[in-house]
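**Student:** Please find structure-v7.cif (mmCIF, C-alpha atoms) on the next line:
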```
data_my_file
#
loop_
_atom_site.label_atom_id
_atom_site.label_comp_id
_atom_site.auth_asym_id
_atom_site.auth_seq_id
_atom_site.Cartn_x
_atom_site.Cartn_y
_atom_site.Cartn_z
CA ARG A 1 94.75 116.82 86.13
CA GLU A 2 92.13 119.37 87.08
CA LEU A 3 93.15 121.53 90.02
CA PRO A 4 93.09 121.17 92.91
CA PHE A 5 94.37 117.62 93.39
CA ILE A 6 96.71 115.90 95.85
CA GLY A 7 99.86 114.34 94.40
CA GLY A 8 102.13 111.65 95.75
CA GLN A 9 102.24 107.84 95.68
CA GLU A 10 104.51 107.09 98.66
CA GLY A 11 104.21 108.18 102.26
CA GLY A 12 105.32 107.55 105.79
CA GLY A 13 104.28 108.70 109.23
CA VAL A 14 102.64 107.85 112.52
CA ILE A 15 99.17 106.31 112.76
CA ALA A 16 96.72 108.94 114.06
CA VAL A 17 93.44 106.99 113.93
CA THR A 18 92.67 103.27 113.49
CA THR A 19 89.66 101.12 112.73
CA PRO A 20 88.76 97.87 114.53
CA ALA A 21 89.86 95.95 111.43
CA ALA A 22 93.27 97.63 111.50
CA GLU A 23 93.62 96.96 115.22
CA ALA A 24 92.80 93.30 114.60
CA MET A 25 95.81 93.24 112.25
CA GLY A 26 98.02 94.52 115.08
CA PHE A 27 98.14 98.24 114.25
CA LYS A 28 97.65 100.91 116.92
CA VAL A 29 97.78 104.69 117.23
CA GLY A 30 101.39 105.87 117.36
CA ASP A 31 102.86 103.09 115.19
CA ARG A 32 105.42 104.23 112.58
CA VAL A 33 104.46 103.02 109.10
CA VAL A 34 105.11 103.58 105.40
CA TYR A 35 102.82 102.88 102.45
CA SER A 36 102.14 103.32 98.74
CA VAL A 37 98.75 104.83 97.89
CA PHE A 38 97.65 107.93 95.99
CA GLU A 39 97.39 111.42 97.55
CA THR A 40 100.32 111.11 99.97
CA TYR A 41 101.58 114.71 99.76
CA ALA A 42 99.35 115.69 102.67
CA GLU A 43 99.37 115.92 106.45
CA TYR A 44 96.94 112.99 106.73
CA THR A 45 96.25 110.10 104.37
CA VAL A 46 93.63 107.35 104.64
CA VAL A 47 95.47 104.07 104.01
CA PRO A 48 94.04 100.54 103.86
CA ALA A 49 95.60 98.60 106.73
CA ALA A 50 96.73 95.84 104.36
CA LYS A 51 99.03 98.36 102.63
CA LEU A 52 100.81 99.51 105.79
CA LEU A 53 104.41 98.43 106.33
CA PRO A 54 105.65 98.67 109.94
CA VAL A 55 108.92 100.60 110.34
CA PRO A 56 111.39 99.32 112.97
CA ALA A 57 112.81 101.79 115.49
CA SER A 58 116.28 101.35 113.95
CA VAL A 59 115.22 102.96 110.62
CA GLY A 60 114.37 106.65 110.18
CA LEU A 61 111.01 107.54 108.64
CA ASP A 62 112.69 109.60 105.90
CA VAL A 63 114.75 106.59 104.84
CA ALA A 64 111.83 104.16 105.24
CA THR A 65 109.54 106.33 103.09
CA SER A 66 112.20 106.26 100.37
CA CYS A 67 112.06 102.45 100.38
CA VAL A 68 108.49 101.82 99.35
CA VAL A 69 108.62 101.74 95.54
CA GLN A 70 112.30 101.82 94.57
CA GLY A 71 113.42 99.57 97.42
CA MET A 72 110.69 96.98 96.89
CA THR A 73 111.34 97.05 93.14
CA ALA A 74 115.08 96.50 93.61
CA HIS A 75 114.30 93.65 96.02
CA TYR A 76 112.10 91.68 93.62
CA LEU A 77 114.56 92.29 90.77
CA THR A 78 117.53 90.89 92.69
CA CYS A 79 115.73 88.19 94.69
CA ASP A 80 113.00 86.74 92.46
CA ALA A 81 112.52 88.16 88.94
CA HIS A 82 115.57 86.24 87.66
CA ALA A 83 113.80 82.95 88.55
CA GLN A 84 116.96 81.78 90.37
CA LEU A 85 118.81 81.43 87.06
CA ILE A 86 121.75 83.22 88.69
CA LYS A 87 123.57 81.76 91.70
CA PRO A 88 125.91 83.35 94.27
CA GLY A 89 129.36 83.89 92.78
CA GLU A 90 128.01 84.42 89.24
CA TRP A 91 128.06 87.67 87.26
CA CYS A 92 125.16 90.12 87.03
CA LEU A 93 125.01 93.27 84.84
CA ILE A 94 122.97 96.19 86.21
CA HIS A 95 122.45 99.28 84.08
CA GLY A 96 122.23 102.78 85.56
CA VAL A 97 123.64 102.13 89.03
CA GLY A 98 124.00 105.88 89.55
CA GLY A 99 120.22 106.25 89.32
CA GLY A 100 117.41 105.58 91.78
CA THR A 101 116.22 101.97 91.75
CA CYS A 102 119.51 100.50 90.57
CA GLN A 103 121.56 102.10 93.35
CA TRP A 104 119.52 99.78 95.55
CA ALA A 105 119.67 96.83 93.14
CA ALA A 106 123.48 96.91 92.91
CA GLN A 107 123.81 96.82 96.69
CA MET A 108 121.19 94.09 97.06
CA ALA A 109 122.82 91.99 94.36
CA LYS A 110 126.05 92.13 96.37
CA ILE A 111 124.16 91.15 99.53
CA LYS A 112 122.78 88.14 97.62
CA GLY A 113 126.32 87.12 96.74
CA TYR A 114 126.41 87.97 93.03
CA LYS A 115 129.37 89.57 91.29
CA VAL A 116 128.13 92.86 89.87
CA ILE A 117 129.06 94.86 86.78
CA GLY A 118 127.40 98.28 86.83
CA THR A 119 127.03 100.93 84.15
CA THR A 120 126.73 104.63 84.94
CA SER A 121 127.27 108.07 83.46
CA ARG A 122 130.47 109.97 84.21
CA GLY A 123 128.47 112.56 86.16
CA LYS A 124 127.19 109.86 88.53
CA GLU A 125 130.42 107.86 88.74
CA ALA A 126 130.95 108.58 92.46
CA ILE A 127 127.43 107.36 93.27
CA GLY A 128 127.99 104.25 91.18
CA ARG A 129 131.23 103.43 92.97
CA ASP A 130 129.55 103.82 96.35
CA THR A 131 127.23 100.91 95.51
CA GLY A 132 130.14 98.47 95.80
CA CYS A 133 129.98 97.06 92.25
CA ASP A 134 132.84 94.68 91.49
CA GLU A 135 133.32 96.39 88.12
CA LEU A 136 131.98 99.76 86.97
CA ILE A 137 131.67 100.74 83.30
CA VAL A 138 131.62 104.55 83.09
CA LEU A 139 129.94 106.04 80.03
CA GLU A 140 130.07 109.54 78.62
CA GLU A 141 126.88 111.58 78.88
CA ALA A 142 124.75 112.18 75.80
CA ALA A 143 125.10 115.79 74.65
CA GLY A 144 122.90 118.15 76.63
CA THR A 145 121.67 115.49 79.07
CA SER A 146 122.70 113.73 82.27
CA TYR A 147 121.94 110.32 80.72
CA GLU A 148 124.48 107.72 79.70
CA ASP A 149 125.48 107.51 76.04
CA TYR A 150 125.57 103.75 75.56
CA ALA A 151 127.36 104.18 72.22
CA SER A 152 130.34 105.85 73.93
CA VAL A 153 131.77 102.55 75.22
CA ASP A 154 131.64 99.02 73.81
CA VAL A 155 129.80 97.63 76.83
CA VAL A 156 129.43 94.11 75.45
CA LYS A 157 133.18 93.82 74.88
CA ARG A 158 133.89 95.10 78.38
CA VAL A 159 131.44 92.60 79.86
CA MET A 160 133.01 89.74 77.93
CA ASP A 161 136.51 90.81 78.97
CA ILE A 162 135.48 90.95 82.63
CA THR A 163 133.72 87.57 82.54
CA GLY A 164 136.38 85.73 80.56
CA GLY A 165 134.16 85.55 77.49
CA GLN A 166 131.29 83.86 79.30
CA GLY A 167 128.86 86.78 79.74
CA VAL A 168 126.52 87.39 82.67
CA LYS A 169 123.80 85.12 84.05
CA CYS A 170 121.43 88.05 84.64
CA VAL A 171 120.95 91.56 83.26
CA ILE A 172 118.79 94.04 85.20
CA ASP A 173 117.81 96.75 82.74
CA GLY A 174 115.67 99.79 83.50
CA ILE A 175 117.02 101.80 80.55
CA GLY A 176 115.05 100.06 77.80
CA LYS A 177 115.42 100.87 74.14
CA ALA A 178 119.04 102.12 74.30
CA THR A 179 120.36 99.03 76.11
CA MET A 180 118.22 96.17 74.79
CA ASP A 181 120.84 94.92 72.29
CA ILE A 182 123.66 95.32 74.83
CA SER A 183 121.68 93.38 77.42
CA ILE A 184 120.85 90.43 75.17
CA GLU A 185 124.38 90.22 73.74
CA SER A 186 125.95 90.35 77.22
CA LEU A 187 124.13 87.24 78.44
CA ALA A 188 125.84 83.97 79.28
CA ARG A 189 124.40 80.64 78.23
CA ARG A 190 120.91 80.23 79.78
CA GLY A 191 121.10 83.75 81.21
CA ILE A 192 118.08 85.98 81.78
CA PHE A 193 117.36 89.51 80.53
CA VAL A 194 115.19 91.27 83.15
CA SER A 195 113.73 94.35 81.45
CA PHE A 196 111.86 96.45 84.01
CA GLY A 197 111.96 100.06 82.77
CA ASN A 198 111.84 102.38 79.77
CA ALA A 199 114.06 105.35 80.70
CA SER A 200 115.27 105.67 77.08
CA GLY A 201 112.02 104.46 75.51
CA ALA A 202 110.15 101.17 75.41
CA VAL A 203 111.91 97.99 74.28
CA PRO A 204 110.64 97.24 70.75
CA ALA A 205 109.20 93.87 69.79
CA PHE A 206 111.80 91.31 68.71
CA PRO A 207 111.61 87.72 67.46
CA VAL A 208 111.92 85.00 70.10
CA LEU A 209 114.41 83.27 67.79
CA ARG A 210 116.91 85.96 68.72
CA LEU A 211 117.35 84.24 72.10
CA ILE A 212 118.52 80.96 70.53
CA ASN A 213 122.22 81.90 70.47
CA LYS A 214 122.53 81.43 74.25
CA SER A 215 119.21 79.63 74.96
CA ALA A 216 118.43 82.81 76.86
CA TYR A 217 115.41 83.89 78.88
CA VAL A 218 113.62 87.24 78.99
CA THR A 219 111.06 88.65 81.42
CA ARG A 220 109.25 91.98 81.68
CA PRO A 221 108.12 92.15 85.35
CA LYS A 222 106.29 94.76 87.43
CA LEU A 223 106.13 95.38 91.17
CA LEU A 224 102.43 94.55 91.59
CA ASP A 225 103.06 90.96 90.48
CA TYR A 226 105.79 90.60 93.11
CA THR A 227 103.76 92.04 96.00
CA VAL A 228 100.63 89.96 95.46
CA ASP A 229 99.70 89.64 99.13
CA ARG A 230 100.62 91.01 102.53
CA ALA A 231 103.03 88.16 103.26
CA GLU A 232 105.06 88.99 100.15
CA MET A 233 105.07 92.73 100.98
CA LEU A 234 106.33 92.01 104.50
CA TYR A 235 108.97 89.59 103.21
CA ARG A 236 110.39 92.32 100.98
CA SER A 237 110.14 95.23 103.43
CA GLY A 238 111.48 93.03 106.24
CA ASP A 239 114.64 92.23 104.28
CA ILE A 240 115.13 95.87 103.29
CA PHE A 241 114.75 97.28 106.80
CA LYS A 242 116.97 94.54 108.22
CA TRP A 243 119.74 95.28 105.71
CA ILE A 244 119.51 99.02 106.44
CA ALA A 245 119.67 98.43 110.20
CA GLU A 246 122.70 96.16 109.72
CA GLY A 247 124.48 98.83 107.67
CA ARG A 248 124.61 96.59 104.60
CA LEU A 249 122.25 98.77 102.54
CA LYS A 250 122.96 102.50 102.24
CA VAL A 251 120.14 104.92 101.45
CA SER A 252 120.90 108.49 100.45
CA VAL A 253 118.15 111.06 101.02
CA ASP A 254 119.36 113.86 98.76
CA ARG A 255 117.10 116.68 100.02
CA VAL A 256 113.84 117.40 101.82
CA PHE A 257 111.13 119.82 100.68
CA PRO A 258 108.34 121.46 102.72
CA LEU A 259 104.84 120.36 101.60
CA ASP A 260 104.06 123.76 100.08
CA GLN A 261 106.99 123.26 97.67
#
```
So, in terms of structure tokens, how does the structure I just supplied come out?

**Tutor:**
Amino acid sequence: RELPFIGGQEGGGVIAVTTPAAEAMGFKVGDRVVYSVFETYAEYTVVPAAKLLPVPASVGLDVATSCVVQGMTAHYLTCDAHAQLIKPGEWCLIHGVGGGTCQWAAQMAKIKGYKVIGTTSRGKEAIGRDTGCDELIVLEEAAGTSYEDYASVDVVKRVMDITGGQGVKCVIDGIGKATMDISIESLARRGIFVSFGNASGAVPAFPVLRLINKSAYVTRPKLLDYTVDRAEMLYRSGDIFKWIAEGRLKVSVDRVFPLDQ
């Protein structure tokens, strides 16, 4: 980017000025809100009213601002992207539960009643355990990185041992290239592989016939298609803020930086 420019894609704060259209939607000066637009690393941001999410008094603005992208992503992954092919009491595999989005997803999957197997690196084991996964597969870190080495443990075997040889009804995978084979081979009959990220590289093309062994499903979703209108945005943020207020969803704000940093 040419300098100067304003960074940031998530923000939160107090409404300073409104328009009549925003007021007609119920917003007023002084309301606490969060949002996802560009140029949020600033004292003031112009935000379309339709993109504002009201923050309840029971949730801090620092926590609420952390919810906008990762929280909403974790919500659609655990509530809708699996097309209801997993039911409460069934097993779900979530990769990278020591990381950002999947810390949320593991907790939300438990709230939805699924039994959760998480994977994480040894360096993030404590974070992974804090998510409340029923089973945690701890992997060594790849040399010189903080990322999991998915060749260090036979994850598929562990999954099959845990599930009595049945596999999992849903895999939530933000790792990508390094976990694609593990994810597909860990599925139960008529399970779904939800591939939402490329942390290790993009998932390569593969023949649909590969899914025949378990009559499996695969989807490659994105947040925009699961927040298609204001009603859907409020449904997701409403659940998230409610779970935080109830103490069922824990959010860790690691550190805070001044704007000039």

**Student:** Could you name the residues that touch region 62-64 of chain A at 7 Å or less, counting only C-alpha atoms, but leaving out those on the same chain fewer than 4 positions away, as a ChimeraX atom specification?

**Tutor:** /A:34,55,251,253

**Student:** If you apply the PyMOL selection byres ((chain A and resi 16-20) around 9) to this file, what residues do you get, as a PDB file with C-alpha atoms, keeping the file's coordinate frame?

**Tutor:**
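What landed in result_33.pdb:
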```pdb
ATOM      1  CA  GLY A  13     104.280 108.700 109.230  1.00  0.00           C
ATOM      2  CA  VAL A  14     102.640 107.850 112.520  1.00  0.00           C
ATOM      3  CA  ILE A  15      99.170 106.310 112.760  1.00  0.00           C
ATOM      4  CA  ALA A  21      89.860  95.950 111.430  1.00  0.00           C
ATOM      5  CA  ALA A  22      93.270  97.630 111.500  1.00  0.00           C
ATOM      6  CA  GLU A  23      93.620  96.960 115.220  1.00  0.00           C
ATOM      7  CA  ALA A  24      92.800  93.300 114.600  1.00  0.00           C
ATOM      8  CA  MET A  25      95.810  93.240 112.250  1.00  0.00           C
ATOM      9  CA  PHE A  27      98.140  98.240 114.250  1.00  0.00           C
ATOM     10  CA  LYS A  28      97.650 100.910 116.920  1.00  0.00           C
ATOM     11  CA  VAL A  29      97.780 104.690 117.230  1.00  0.00           C
ATOM     12  CA  GLY A  30     101.390 105.870 117.360  1.00  0.00           C
ATOM     13  CA  ASP A  31     102.860 103.090 115.190  1.00  0.00           C
ATOM     14  CA  TYR A  44      96.940 112.990 106.730  1.00  0.00           C
ATOM     15  CA  ALA A  49      95.600  98.600 106.730  1.00  0.00           C
TER      16      ALA A  49
END
```

**Student:** Translate the PyMOL selection byres ((chain A and resi 165-168) around 9) into a concrete residue list for this structure, as a list of chain:residue names.

**Tutor:** A:Ile86, A:Glu90, A:Trp91, A:Cys92, A:Leu93, A:Ile117, A:Val156, A:Lys157, A:Val159, A:Met160, A:Asp161, A:Ile162, A:Thr163, A:Gly164, A:Lys169, A:Cys170, A:Val171, A:Glu185, A:Ser186, A:Leu187, A:Ala188, A:Arg189, A:Gly191, A:Ile192

**Student:** Output C-alpha atoms for every residue in the selection just made, as a tab-separated table (two decimals), keeping the file's coordinate frame.

**Tutor:**
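Printed below is again-v3.tsv as written:
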```
chain	number	residue	atom	x	y	z
A	86	ILE	CA	121.75	83.22	88.69
A	90	GLU	CA	128.01	84.42	89.24
A	91	TRP	CA	128.06	87.67	87.26
A	92	CYS	CA	125.16	90.12	87.03
A	93	LEU	CA	125.01	93.27	84.84
A	117	ILE	CA	129.06	94.86	86.78
A	156	VAL	CA	129.43	94.11	75.45
A	157	LYS	CA	133.18	93.82	74.88
A	159	VAL	CA	131.44	92.60	79.86
A	160	MET	CA	133.01	89.74	77.93
A	161	ASP	CA	136.51	90.81	78.97
A	162	ILE	CA	135.48	90.95	82.63
A	163	THR	CA	133.72	87.57	82.54
A	164	GLY	CA	136.38	85.73	80.56
A	169	LYS	CA	123.80	85.12	84.05
A	170	CYS	CA	121.43	88.05	84.64
A	171	VAL	CA	120.95	91.56	83.26
A	185	GLU	CA	124.38	90.22	73.74
A	186	SER	CA	125.95	90.35	77.22
A	187	LEU	CA	124.13	87.24	78.44
A	188	ALA	CA	125.84	83.97	79.28
A	189	ARG	CA	124.40	80.64	78.23
A	191	GLY	CA	121.10	83.75	81.21
A	192	ILE	CA	118.08	85.98	81.78
```

**Student:** Could you write out as a list in words the residues that the PyMOL selection byres ((chain A and resi 260) around 12) matches in the shown file?

**Tutor:**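 Residues picked by the PyMOL selection byres ((chain A and resi 260) around 12): Ile6, Gly7, Tyr41, Ala42, Glu43, Val256, Phe257, Pro258, Leu259 and Gln261 of chain A.
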
**Student:** What's the separation between CA of Cys79 (chain A) and CA of Val194 (chain A), in Å to one decimal place?

**Tutor:**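 A separation of 12.0 Å between them.
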
**Student:** At what distance in Å, to one decimal, does CA of Asp80 (chain A) lie from CA of Ser195 (chain A)?

**Tutor:**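 So the answer is 13.4 Å.
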
**Student:** Determine, counting all atoms listed in the file, which protein, DNA and RNA residues have an atom within 8 Å of an atom of Gly132 (chain A); residues of the same chain fewer than 5 positions away are not included. Present the result as an MDAnalysis selection string.

**Tutor:** chainID A and resid 106:107 110

**Student:** Find the distance between CA of Ala231 (chain A) and CA of Gln70 (chain A) and write it in Å to one decimal.

**Tutor:**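 Straight-line distance from CA of Ala231 (chain A) to CA of Gln70 (chain A) works out to 18.7 Å.
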
**Student:** Smallest atom-to-atom distance to Phe196 (chain A): which of A:Ile240, A:Ile212, A:Ile172, A:Leu234, using all atoms listed in the file?

**Tutor:**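 Closest to Phe196 (chain A) of all the choices is A:Ile172.
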
**Student:** Any chance you could work out the axis-aligned box around region 13-21 of chain A, listed atoms only, 3 Å on each side, giving centre and edge lengths in Å to one decimal, as AutoDock Vina command-line options?

**Tutor:**
```
--center_x 96.5 --center_y 102.4 --center_z 111.9 --size_x 21.5 --size_y 19.0 --size_z 11.3
```

**Student:** Could you tell me which of A:Val208, A:Asp225, A:Cys67, A:Glu10 comes closest to Thr45 (chain A) if we count only C-alpha atoms?

**Tutor:**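 Counting only C-alpha atoms, the residue closest to Thr45 (chain A) is A:Glu10.
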
**Student:** Within 6 Å of (117.5, 94.8, 88.9), only C-alpha atoms: residues as a PDB file with C-alpha atoms, keeping the file's coordinate frame?

**Tutor:**
```
ATOM      1  CA  ALA A  74     115.080  96.500  93.610  1.00  0.00           C
ATOM      2  CA  LEU A  77     114.560  92.290  90.770  1.00  0.00           C
ATOM      3  CA  THR A  78     117.530  90.890  92.690  1.00  0.00           C
ATOM      4  CA  ALA A 105     119.670  96.830  93.140  1.00  0.00           C
ATOM      5  CA  ILE A 172     118.790  94.040  85.200  1.00  0.00           C
TER       6      ILE A 172
END
```
